[in-house]
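File shown: protein_32.txt. Contents: compact mmCIF, C-alpha atoms and all ligand atoms.
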```txt
# COMPACT_ATOMS: atom_id res chain seq x y z
CA MET T 1 -21.13 -4.06 -11.49
CA GLY T 2 -19.62 -2.21 -8.55
CA ILE T 3 -18.71 -2.93 -4.94
CA SER T 4 -19.98 -1.88 -1.57
CA ILE T 5 -17.43 -1.36 1.16
CA LEU T 6 -19.38 -2.83 4.06
CA GLY T 7 -16.81 -2.27 6.78
CA THR T 8 -13.18 -1.34 7.33
CA GLY T 9 -10.54 -2.05 9.97
CA SER T 10 -6.97 -1.04 10.59
CA TYR T 11 -4.12 -2.03 12.86
CA VAL T 12 -0.73 -0.43 13.49
CA PRO T 13 1.92 -1.60 15.96
CA ASP T 14 2.39 0.46 19.14
CA GLN T 15 6.08 1.18 18.63
CA ILE T 16 6.65 4.66 17.19
CA MET T 17 9.88 5.64 15.48
CA THR T 18 10.39 9.38 15.16
CA ASN T 19 12.64 11.16 12.69
CA ASP T 20 15.03 11.96 15.53
CA ASP T 21 15.40 8.21 16.26
CA PHE T 22 17.12 7.80 12.84
CA THR T 23 19.98 10.07 13.87
CA ARG T 24 21.30 7.06 15.85
CA PHE T 25 21.91 5.14 12.57
CA VAL T 26 22.44 7.64 9.78
CA GLU T 27 23.40 11.25 9.18
CA THR T 28 20.00 12.89 8.95
CA ASP T 29 17.73 15.26 10.84
CA ASP T 30 14.06 15.83 11.51
CA GLU T 31 13.90 18.95 9.35
CA TRP T 32 15.31 17.23 6.22
CA ILE T 33 12.89 14.32 6.53
CA ARG T 34 9.85 16.50 7.20
CA THR T 35 10.51 19.03 4.47
CA ARG T 36 11.59 16.51 1.78
CA THR T 37 9.00 13.80 2.54
CA GLY T 38 6.30 15.13 4.91
CA ILE T 39 6.96 12.24 7.32
CA SER T 40 7.33 12.88 11.06
CA GLN T 41 7.01 9.38 12.47
CA ARG T 42 6.13 5.81 11.53
CA ARG T 43 5.14 2.58 13.31
CA MET T 44 7.53 -0.36 13.67
CA ALA T 45 6.36 -3.97 13.94
CA GLY T 46 9.40 -5.21 15.85
CA TRP T 47 8.77 -8.95 16.12
CA GLU T 48 5.03 -8.71 15.46
CA PRO T 49 4.48 -10.86 12.38
CA THR T 50 2.95 -9.32 9.27
CA TRP T 51 0.07 -11.83 9.38
CA TYR T 52 -0.76 -10.76 12.93
CA MET T 53 -1.26 -7.15 11.86
CA GLY T 54 -3.37 -8.32 8.92
CA ALA T 55 -5.49 -10.55 11.15
CA GLN T 56 -6.13 -7.76 13.66
CA ALA T 57 -7.22 -5.37 10.88
CA SER T 58 -9.40 -8.10 9.34
CA LEU T 59 -11.14 -8.92 12.63
CA LYS T 60 -12.00 -5.22 13.02
CA ALA T 61 -13.34 -5.05 9.45
CA VAL T 62 -15.50 -8.15 10.04
CA LYS T 63 -16.85 -6.62 13.26
CA ALA T 64 -17.55 -3.26 11.61
CA SER T 65 -19.42 -5.04 8.81
CA GLY T 66 -21.60 -7.03 11.20
CA ILE T 67 -21.20 -10.16 9.07
CA ASP T 68 -20.67 -13.79 9.96
CA PRO T 69 -17.05 -14.65 8.99
CA ALA T 70 -18.36 -17.98 7.66
CA ASP T 71 -20.04 -15.96 4.87
CA ILE T 72 -16.69 -14.69 3.56
CA GLY T 73 -16.07 -16.60 0.32
CA LEU T 74 -12.67 -15.19 -0.58
CA ILE T 75 -9.70 -13.60 1.17
CA ILE T 76 -7.07 -11.72 -0.81
CA SER T 77 -4.08 -10.54 1.17
CA CYS T 78 -1.82 -8.05 -0.54
CA THR T 79 1.70 -7.88 0.76
CA ALA T 80 5.25 -7.44 -0.42
CA THR T 81 6.59 -8.40 3.01
CA SER T 82 5.06 -11.80 3.74
CA ASP T 83 6.30 -13.73 6.77
CA PHE T 84 6.46 -16.90 4.69
CA LEU T 85 7.13 -17.94 1.12
CA THR T 86 4.37 -20.42 1.84
CA PRO T 87 1.70 -20.64 3.26
CA SER T 88 0.04 -17.49 2.02
CA MET T 89 -0.74 -14.76 4.53
CA ALA T 90 -4.38 -15.06 3.41
CA SER T 91 -4.51 -18.68 4.62
CA VAL T 92 -3.06 -17.77 8.02
CA ILE T 93 -5.46 -14.84 8.33
CA GLN T 94 -8.39 -17.07 7.28
CA HIS T 95 -7.83 -19.26 10.33
CA GLU T 96 -7.46 -16.28 12.68
CA VAL T 97 -10.67 -14.70 11.40
CA GLY T 98 -12.69 -17.93 11.33
CA ALA T 99 -13.58 -17.52 7.66
CA VAL T 100 -13.96 -21.28 7.30
CA ASN T 101 -15.64 -21.19 3.90
CA ALA T 102 -13.22 -18.85 2.14
CA ALA T 103 -10.75 -19.40 -0.65
CA ALA T 104 -7.49 -17.61 0.18
CA PHE T 105 -4.50 -16.33 -1.71
CA ASP T 106 -1.89 -13.56 -1.66
CA MET T 107 -1.12 -10.93 -4.27
CA ASN T 108 2.01 -8.86 -4.65
CA ALA T 109 1.69 -5.68 -6.67
CA ALA T 110 3.92 -3.80 -4.21
CA CYS T 111 2.49 -0.44 -3.08
CA SER T 112 -0.30 -0.69 -5.70
CA GLY T 113 -1.37 -3.97 -4.08
CA PHE T 114 -4.60 -2.77 -2.49
CA VAL T 115 -5.85 -1.23 -5.75
CA TYR T 116 -4.99 -4.43 -7.63
CA ALA T 117 -6.51 -6.73 -4.97
CA THR T 118 -9.73 -4.73 -4.70
CA ASP T 119 -10.16 -4.82 -8.47
CA VAL T 120 -9.52 -8.57 -8.54
CA ALA T 121 -12.08 -8.97 -5.72
CA ARG T 122 -14.67 -7.06 -7.74
CA ARG T 123 -14.09 -9.32 -10.73
CA PHE T 124 -14.59 -12.42 -8.54
CA LEU T 125 -17.82 -10.92 -7.18
CA GLU T 126 -19.02 -10.20 -10.69
CA THR T 127 -18.39 -13.70 -12.04
CA ASP T 128 -19.37 -15.87 -9.05
CA ASP T 129 -23.00 -15.53 -7.95
CA SER T 130 -22.41 -17.71 -4.91
CA LEU T 131 -19.79 -15.31 -3.53
CA LYS T 132 -21.28 -13.14 -0.78
CA TYR T 133 -18.39 -11.28 0.84
CA VAL T 134 -14.70 -10.78 0.03
CA LEU T 135 -12.09 -9.75 2.59
CA VAL T 136 -9.25 -7.70 1.11
CA VAL T 137 -6.44 -7.13 3.58
CA ALA T 138 -3.20 -5.23 3.09
CA ASN T 139 -0.43 -6.01 5.59
CA GLU T 140 3.14 -4.87 5.50
CA ALA T 141 6.25 -4.87 7.67
CA LEU T 142 8.69 -2.93 5.51
CA SER T 143 10.90 -2.31 8.54
CA ARG T 144 12.21 -5.87 8.26
CA PHE T 145 13.57 -5.23 4.77
CA LEU T 146 15.17 -1.83 5.26
CA ASP T 147 18.84 -1.00 4.96
CA PHE T 148 19.35 1.13 8.07
CA THR T 149 22.62 2.43 6.67
CA ASP T 150 20.88 3.99 3.64
CA ARG T 151 19.48 7.34 4.79
CA SER T 152 17.63 7.98 1.53
CA SER T 153 15.36 4.93 1.89
CA CYS T 154 15.19 3.77 5.54
CA ILE T 155 13.45 6.97 6.70
CA LEU T 156 10.55 6.54 4.28
CA PHE T 157 8.81 3.37 5.40
CA GLY T 158 6.62 2.10 8.22
CA ASP T 159 4.48 -0.91 9.16
CA GLY T 160 0.74 -1.50 9.43
CA ALA T 161 -2.33 -3.18 8.04
CA ALA T 162 -5.87 -2.39 6.95
CA ALA T 163 -8.78 -4.42 5.64
CA VAL T 164 -12.14 -4.05 3.94
CA ILE T 165 -15.17 -6.32 3.54
CA LEU T 166 -16.65 -6.03 0.06
CA GLU T 167 -19.91 -7.16 -1.47
CA LYS T 168 -21.33 -6.64 -4.94
CA SER T 169 -23.50 -3.61 -5.66
CA ASP T 170 -24.69 -1.50 -8.57
CA LYS T 171 -22.81 1.58 -7.32
CA LEU T 172 -20.41 3.53 -9.54
CA TYR T 173 -17.17 1.66 -10.17
CA SER T 174 -14.24 2.04 -12.53
CA SER T 175 -10.66 0.88 -12.46
CA ALA T 176 -7.38 0.92 -14.34
CA LEU T 177 -4.43 -1.35 -13.56
CA CYS T 178 -1.06 -0.66 -15.17
CA SER T 179 2.56 -1.76 -15.00
CA ASP T 180 5.84 -0.76 -16.61
CA GLY T 181 8.29 -3.62 -16.07
CA SER T 182 11.11 -1.66 -17.69
CA GLY T 183 11.42 0.11 -14.31
CA ALA T 184 11.47 -3.11 -12.23
CA GLY T 185 15.05 -2.52 -11.14
CA LEU T 186 14.31 0.90 -9.65
CA LEU T 187 12.77 -0.44 -6.43
CA CYS T 188 13.92 -3.92 -5.44
CA ALA T 189 14.45 -6.34 -2.56
CA ARG T 190 15.91 -9.77 -3.36
CA SER T 191 14.34 -12.83 -1.74
CA LEU T 192 16.33 -15.51 -3.54
CA ASN T 193 18.79 -16.97 -1.08
CA VAL T 194 21.57 -17.14 -3.65
CA ALA T 195 24.20 -14.46 -4.03
CA PRO T 196 23.85 -12.74 -7.41
CA GLU T 197 27.39 -13.65 -8.49
CA VAL T 198 26.69 -17.36 -7.76
CA ALA T 199 23.41 -17.16 -9.66
CA VAL T 200 25.19 -15.77 -12.69
CA GLU T 201 28.00 -18.31 -12.54
CA LYS T 202 25.73 -21.33 -12.13
CA SER T 203 23.00 -20.48 -14.57
CA ASP T 204 22.59 -19.41 -18.15
CA PHE T 205 20.53 -16.45 -17.05
CA GLU T 206 21.93 -13.05 -16.50
CA ASP T 207 20.80 -11.51 -13.22
CA PRO T 208 18.78 -8.43 -14.20
CA PHE T 209 19.53 -6.62 -10.94
CA PRO T 210 22.97 -7.86 -9.82
CA ASP T 211 23.48 -5.04 -7.32
CA VAL T 212 20.35 -5.72 -5.30
CA PRO T 213 21.23 -7.29 -1.94
CA ILE T 214 19.25 -10.08 -0.27
CA HIS T 215 16.40 -8.89 1.97
CA LYS T 216 17.32 -5.20 1.77
CA LEU T 217 15.16 -2.74 -0.08
CA GLN T 218 17.09 -0.69 -2.58
CA GLN T 219 15.66 2.11 -4.65
CA ASN T 220 16.59 4.85 -7.06
CA GLY T 221 14.61 7.55 -5.27
CA LYS T 222 14.90 10.20 -7.95
CA GLU T 223 13.68 7.93 -10.77
CA VAL T 224 10.84 6.52 -8.66
CA TYR T 225 9.85 10.09 -7.82
CA LYS T 226 9.69 11.04 -11.51
CA PHE T 227 7.59 7.96 -12.26
CA ALA T 228 5.29 8.61 -9.27
CA VAL T 229 4.34 12.19 -10.12
CA ALA T 230 3.18 11.01 -13.56
CA ALA T 231 1.64 7.68 -12.46
CA LEU T 232 -0.57 9.07 -9.69
CA PRO T 233 -2.63 11.50 -11.86
CA LYS T 234 -2.60 9.01 -14.75
CA SER T 235 -4.10 6.32 -12.51
CA PHE T 236 -7.05 8.59 -11.84
CA GLU T 237 -7.43 9.84 -15.40
CA LEU T 238 -7.47 6.33 -16.92
CA ALA T 239 -10.17 5.11 -14.51
CA ALA T 240 -12.19 8.35 -14.78
CA ALA T 241 -12.21 8.35 -18.58
CA LYS T 242 -13.93 4.93 -18.60
CA VAL T 243 -16.98 6.29 -16.77
CA GLY T 244 -16.88 9.86 -18.08
CA ILE T 245 -16.29 11.61 -14.80
CA THR T 246 -13.82 14.34 -13.85
CA LYS T 247 -11.83 15.31 -10.78
CA ASP T 248 -14.64 17.70 -9.82
CA ASP T 249 -16.98 14.72 -9.30
CA ILE T 250 -14.63 13.21 -6.73
CA ASP T 251 -15.19 13.99 -3.04
CA TRP T 252 -11.99 12.35 -1.76
CA PHE T 253 -8.73 11.25 -3.32
CA VAL T 254 -7.03 8.51 -1.30
CA PRO T 255 -3.50 8.34 -2.73
CA HIS T 256 -0.58 6.07 -1.97
CA GLN T 257 1.32 7.72 0.90
CA ALA T 258 4.96 7.90 -0.19
CA ASN T 259 5.96 11.56 -0.14
CA ILE T 260 3.87 14.69 0.44
CA ARG T 261 5.61 16.36 -2.50
CA ILE T 262 4.42 13.54 -4.79
CA ILE T 263 0.82 13.98 -3.58
CA GLU T 264 1.00 17.78 -3.93
CA THR T 265 2.41 17.53 -7.44
CA ALA T 266 -0.30 15.02 -8.42
CA ALA T 267 -2.99 17.30 -6.99
CA LYS T 268 -1.61 20.20 -8.99
CA LYS T 269 -1.47 18.16 -12.19
CA LEU T 270 -5.05 17.02 -11.68
CA GLY T 271 -6.18 20.54 -10.78
CA ALA T 272 -7.74 19.22 -7.56
CA PRO T 273 -7.34 20.99 -4.18
CA MET T 274 -5.11 19.35 -1.54
CA GLU T 275 -8.10 19.59 0.85
CA LYS T 276 -9.64 16.69 -1.10
CA PHE T 277 -6.63 14.42 -0.45
CA ILE T 278 -6.46 12.18 2.61
CA VAL T 279 -2.93 12.36 4.03
CA THR T 280 -1.62 10.02 6.73
CA LEU T 281 2.06 9.78 5.81
CA ASP T 282 3.05 12.33 8.44
CA HIS T 283 2.29 9.75 11.17
CA TYR T 284 2.53 6.39 9.31
CA GLY T 285 5.18 6.98 6.63
CA ASN T 286 4.98 4.75 3.55
CA THR T 287 3.38 1.43 4.51
CA SER T 288 3.40 0.09 0.93
CA SER T 289 0.14 -1.69 0.02
CA ALA T 290 -1.37 -0.84 3.43
CA SER T 291 -1.06 2.91 2.88
CA ILE T 292 -4.21 3.44 0.79
CA PRO T 293 -6.55 1.37 3.00
CA LEU T 294 -5.01 2.88 6.17
CA ALA T 295 -5.80 6.33 4.75
CA LEU T 296 -9.27 5.15 3.73
CA CYS T 297 -9.93 3.86 7.27
CA GLU T 298 -8.71 7.08 8.84
CA GLY T 299 -10.82 9.20 6.48
CA ILE T 300 -13.90 7.17 7.42
CA GLU T 301 -13.11 7.12 11.15
CA LYS T 302 -12.62 10.90 11.20
CA GLY T 303 -16.01 11.35 9.51
CA LEU T 304 -14.43 12.93 6.42
CA ILE T 305 -15.45 10.19 3.97
CA LYS T 306 -19.21 9.73 4.14
CA ARG T 307 -21.64 7.22 2.64
CA GLY T 308 -22.65 8.12 -0.91
CA GLN T 309 -19.50 10.11 -1.62
CA LYS T 310 -17.25 9.31 -4.57
CA ILE T 311 -13.70 8.31 -3.79
CA ALA T 312 -10.62 7.72 -5.93
CA LEU T 313 -8.01 5.24 -4.69
CA ILE T 314 -4.81 5.91 -6.62
CA GLY T 315 -1.52 4.11 -6.18
CA PHE T 316 1.92 3.39 -7.58
CA GLY T 317 4.84 1.26 -6.52
CA ALA T 318 7.56 -1.20 -7.33
CA GLY T 319 7.15 -3.06 -10.55
CA LEU T 320 6.67 -0.35 -11.58
CA THR T 321 2.95 -0.79 -10.96
CA TYR T 322 0.23 1.82 -10.78
CA GLY T 323 -3.52 1.93 -10.86
CA GLY T 324 -6.72 3.60 -9.75
CA ILE T 325 -10.22 2.74 -8.56
CA ILE T 326 -13.14 5.14 -8.59
CA CYS T 327 -16.08 4.03 -6.48
CA GLU T 328 -18.82 5.21 -4.17
CA TYR T 329 -18.41 4.71 -0.44
O1 LIG C 401 6.23 3.44 -2.65
C1 LIG C 401 7.16 4.04 -3.48
C2 LIG C 401 8.40 4.25 -2.68
N1 LIG C 401 9.35 5.20 -3.06
C3 LIG C 401 9.16 6.51 -3.31
O2 LIG C 401 8.08 7.00 -3.42
C4 LIG C 401 10.41 7.33 -3.43
C5 LIG C 401 10.27 8.53 -4.30
N2 LIG C 401 11.41 9.43 -4.08
C6 LIG C 401 11.46 10.31 -3.06
O3 LIG C 401 10.52 10.41 -2.29
C7 LIG C 401 12.67 11.20 -2.96
O4 LIG C 401 13.44 11.09 -4.13
C8 LIG C 401 13.56 10.91 -1.72
C9 LIG C 401 12.79 11.28 -0.44
C10 LIG C 401 13.93 9.43 -1.66
C11 LIG C 401 14.82 11.74 -1.78
O5 LIG C 401 14.47 13.13 -1.83
P1 LIG C 401 15.17 14.11 -2.88
O6 LIG C 401 14.64 15.46 -2.65
O7 LIG C 401 14.98 13.50 -4.25
O8 LIG C 401 16.66 14.07 -2.42
P2 LIG C 401 17.96 13.68 -3.27
O9 LIG C 401 17.96 12.20 -3.53
O10 LIG C 401 18.06 14.62 -4.42
O11 LIG C 401 19.11 14.02 -2.27
C12 LIG C 401 19.41 15.36 -1.94
C13 LIG C 401 20.47 15.33 -0.86
C14 LIG C 401 21.62 14.38 -1.16
O12 LIG C 401 22.80 14.95 -0.64
P3 LIG C 401 23.84 15.69 -1.63
O13 LIG C 401 24.25 14.64 -2.61
O14 LIG C 401 23.06 16.81 -2.26
O15 LIG C 401 24.92 16.12 -0.71
C15 LIG C 401 21.28 13.17 -0.33
O16 LIG C 401 22.41 12.43 0.04
O17 LIG C 401 19.86 14.87 0.36
C16 LIG C 401 20.65 13.82 0.89
N3 LIG C 401 19.81 12.94 1.66
C17 LIG C 401 19.56 13.13 2.96
N4 LIG C 401 19.99 14.07 3.83
C18 LIG C 401 19.55 13.98 5.09
C19 LIG C 401 19.15 11.84 1.23
N5 LIG C 401 18.47 11.31 2.26
C20 LIG C 401 18.72 12.08 3.34
C21 LIG C 401 18.30 12.03 4.69
N6 LIG C 401 18.72 13.01 5.52
N7 LIG C 401 17.46 11.08 5.17
```

Can you present the structure in this file as structure tokens?
Amino acid sequence: MGISILGTGSYVPDQIMTNDDFTRFVETDDEWIRTRTGISQRRMAGWEPTWYMGAQASLKAVKASGIDPADIGLIISCTATSDFLTPSMASVIQHEVGAVNAAAFDMNAACSGFVYATDVARRFLETDDSLKYVLVVANEALSRFLDFTDRSSCILFGDGAAAVILEKSDKLYSSALCSDGSGAGLLCARSLNVAPEVAVEKSDFEDPFPDVPIHKLQQNGKEVYKFAVAALPKSFELAAAKVGITKDDIDWFVPHQANIRIIETAAKKLGAPMEKFIVTLDHYGNTSSASIPLALCEGIEKGLIKRGQKIALIGFGAGLTYGGIICEY
């Protein structure tokens, strides 16, 4: 059983942060950022809550689908940057959207979140006949967790949200979800409000990532890069092998938007032309789980992705998670 993407919606905050703006905080320049990452600018949420961005994107997706929000039976919000430990973002968004009959929960699979959440949504649709529509929404405000003294990470990320309304269909569908927890320490932000040294002293457990500060994203860029250039093509190949299709059958690749060099290397490894890859990172940067659906929305809005075409959503992120979905739009 597959899915139909009935409608999509996206939302990004108005505030733009250019590469030049970073020269106020760190020793960097526009040329380094553009040539090493492909990013020129990104959006910043400021004090706009993450749930607000998610709700705006969801309302647009509901409108584009032409459905009654009361017919949404499930909301899955993927986020690594929730406003609250509890309630879930999905519950807050449910109220904003008026999806009064929906179950609601959040998922965190970092930047692979949208691939994971969409696959979970499909499984719900397959096993629950009473479920009509699922809202999957990815919402992220990475800017609130950045270390603006670390030039190698703060320039990479941006904020935004995007949502899809899904229903069951008999269209082509395949997926592969993967994780390699041995790399969990390579991309981290601590939420526990206890200093690592206190945690070690007071408990019998050794802190696995003692150097990770509270509420500041820390990454080993080089190691994540190495993982990413292998994970992105593998995500496609694992999903494609299940349904016996090849890269030539795919009309559009919608990859996680982290670094243009990662996407180019993945394209080369797959033997697929860059013209088939939707790229938005030049203007949005890396918006974590929102990056794939933001790119999907833009591809559809620009008239590039058309009904009946085959698309491959491929992602990777902290965890280290990765995964792919092949489906028909
Ligand atoms: O969703 C997943 C999120 N994460 C990723 O996808 C990250 C994957 N990794 C990357 O994209 C890249 O590794 C980075 C963009 C993070 C770094 O690019 P790189 O080409 O691997 O640079 P590097 O770490 O090898 O650093 C080269 C030089 C260093 O200077 P020295 O030691 O050669 O003097 C860095 O200090 O570039 C320096 N550098 C910068 N210079 C100017 C690092 N960041 C900057 C900067 N501006 N913003």

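Among all protein and nucleic acid residues, the ones that lie within 6 Å of ligand LIG 401 (chain C) when counting only C-alpha atoms and all ligand atoms are T:Thr28, T:Asp29, T:Trp32, T:Ile33, T:Arg36, T:Thr37, T:Cys111, T:Arg151, T:Ser152, T:Ser153, T:Ile155, T:Gly221, T:Lys222, T:Val224, T:Tyr225, T:Ala258, T:Asn259, T:Ser288, T:Gly317.
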
Those same residues - C-alpha atoms - I'd like them written as a tab-separated table (two decimals), in the coordinates of the input.
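So the final result, stored in again-v2.tsv, reads:
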```tsv
chain	number	residue	atom	x	y	z
T	28	THR	CA	20.00	12.89	8.95
T	29	ASP	CA	17.73	15.26	10.84
T	32	TRP	CA	15.31	17.23	6.22
T	33	ILE	CA	12.89	14.32	6.53
T	36	ARG	CA	11.59	16.51	1.78
T	37	THR	CA	9.00	13.80	2.54
T	111	CYS	CA	2.49	-0.44	-3.08
T	151	ARG	CA	19.48	7.34	4.79
T	152	SER	CA	17.63	7.98	1.53
T	153	SER	CA	15.36	4.93	1.89
T	155	ILE	CA	13.45	6.97	6.70
T	221	GLY	CA	14.61	7.55	-5.27
T	222	LYS	CA	14.90	10.20	-7.95
T	224	VAL	CA	10.84	6.52	-8.66
T	225	TYR	CA	9.85	10.09	-7.82
T	258	ALA	CA	4.96	7.90	-0.19
T	259	ASN	CA	5.96	11.56	-0.14
T	288	SER	CA	3.40	0.09	0.93
T	317	GLY	CA	4.84	1.26	-6.52
```

Task: All residues 10 Å or closer to T:Ala240, only C-alpha atoms, same chain fewer than 3 positions away omitted, as an MDAnalysis selection string - done: chainID T and resid 173:176 234:237 243:247 249:250 312 324:326

Near stretch 210-217 of chain T, 12 Å: stretch 48-86 of chain T residue rows, closest pairs, only C-alpha atoms, as a Markdown table:
```
| residue | atom | partner | partner_atom | distance |
| --- | --- | --- | --- | --- |
| T:Ala80 | CA | T:Leu217 | CA | 11.0 |
| T:Thr81 | CA | T:His215 | CA | 9.9 |
| T:Ser82 | CA | T:His215 | CA | 11.8 |
```

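Between atom CA of T:Gly319 and atom CA of T:Gly181 lies a distance of 5.7 Å.
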
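As for atom CA of T:Glu328 and atom CA of T:Thr127, they are spaced 20.5 Å apart.
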
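In this structure, atom CA of T:Val229 sits 12.9 Å away from atom CA of T:Gly323.
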
TODO: With a distance cut-off of 8 Å and only C-alpha atoms, select the neighbouring residues of T:Phe114, excluding the residue or stretch itself and same-chain residues fewer than 2 positions from it, and output the selection as a ChimeraX atom specification.
DONE: /T:78,111-112,116-118,136-138,289-290,292-293

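For T:Asp30, the residues within 8 Å (counting all atoms listed in the file, excluding itself and residues fewer than 4 positions away along the chain) are Asn19, Asp20, Arg34 and Ser40 of chain T.
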
- [ ] May I have the protein, DNA and RNA residues with an atom at most 7 Å from (-16.2, -6.7, 6.1), counting all atoms listed in the file in the file's coordinates, returned as a ChimeraX atom specification?
- [x] /T:6-8,61-62,64-65,67,135,164-166

Would you give the centre and edge lengths, in Å to one decimal, of a box along x, y and z around the listed atoms of stretch 213-222 of chain T, with 8 Å added to each side, as lines of an AutoDock Vina configuration file?
```
center_x = 17.9
center_y = 0.1
center_z = -3.0
size_x = 22.6
size_y = 36.3
size_z = 25.9
```

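Distance annotation: of T:Phe227, T:Tyr329, T:Phe105, T:Phe145, the residue with the minimal separation from T:Val120 is T:Phe105; atom set is only C-alpha atoms.
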
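Each of T:Glu31, T:Phe148, T:Gly185, T:Asp119 was compared to T:Ala239 using all atoms listed in the file, and T:Asp119 turns out to be the nearest.
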
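Using only C-alpha atoms for every distance, the candidate list T:Ala230, T:Met1, T:Ala103, T:Leu59 yields T:Ala230 as the residue closest to T:Glu264.
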
Open item on the list: With distances taken over all atoms listed in the file, which residue among T:Val97, T:Ala228, T:Cys327, T:Cys188 lies nearest T:Arg307?
Closed with: T:Cys327

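Proximity of T:Tyr322, T:Phe316, T:Trp252, T:Tyr284 to T:Gln15, computed with all atoms listed in the file, is greatest for T:Tyr284.
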
Task: Protein and nucleic acid residues near (3.6, 6.1, 6.6) (cut-off 10 Å, all atoms listed in the file) as a count of residues only - done: 30

TODO: Could you check which of T:Thr79, T:Asp128, T:Tyr52, T:Glu223 is closest to T:Gln94, using all atoms listed in the file?
DONE: T:Tyr52

Applying 12 Å and only C-alpha atoms, which residues near T:His95 remain after dropping the ones on its own chain fewer than 3 positions away? List them as a PDB file with C-alpha atoms, in the frame of the given file.
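What ended up in selection05.pdb:
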```
ATOM      1  CA  TRP T  51       0.070 -11.830   9.380  1.00  0.00           C
ATOM      2  CA  TYR T  52      -0.760 -10.760  12.930  1.00  0.00           C
ATOM      3  CA  GLY T  54      -3.370  -8.320   8.920  1.00  0.00           C
ATOM      4  CA  ALA T  55      -5.490 -10.550  11.150  1.00  0.00           C
ATOM      5  CA  SER T  58      -9.400  -8.100   9.340  1.00  0.00           C
ATOM      6  CA  LEU T  59     -11.140  -8.920  12.630  1.00  0.00           C
ATOM      7  CA  PRO T  69     -17.050 -14.650   8.990  1.00  0.00           C
ATOM      8  CA  ALA T  70     -18.360 -17.980   7.660  1.00  0.00           C
ATOM      9  CA  ILE T  75      -9.700 -13.600   1.170  1.00  0.00           C
ATOM     10  CA  PRO T  87       1.700 -20.640   3.260  1.00  0.00           C
ATOM     11  CA  SER T  88       0.040 -17.490   2.020  1.00  0.00           C
ATOM     12  CA  MET T  89      -0.740 -14.760   4.530  1.00  0.00           C
ATOM     13  CA  ALA T  90      -4.380 -15.060   3.410  1.00  0.00           C
ATOM     14  CA  SER T  91      -4.510 -18.680   4.620  1.00  0.00           C
ATOM     15  CA  VAL T  92      -3.060 -17.770   8.020  1.00  0.00           C
ATOM     16  CA  GLY T  98     -12.690 -17.930  11.330  1.00  0.00           C
ATOM     17  CA  ALA T  99     -13.580 -17.520   7.660  1.00  0.00           C
ATOM     18  CA  VAL T 100     -13.960 -21.280   7.300  1.00  0.00           C
ATOM     19  CA  ASN T 101     -15.640 -21.190   3.900  1.00  0.00           C
ATOM     20  CA  ALA T 102     -13.220 -18.850   2.140  1.00  0.00           C
ATOM     21  CA  ALA T 103     -10.750 -19.400  -0.650  1.00  0.00           C
ATOM     22  CA  ALA T 104      -7.490 -17.610   0.180  1.00  0.00           C
TER      23      ALA T 104
END
```
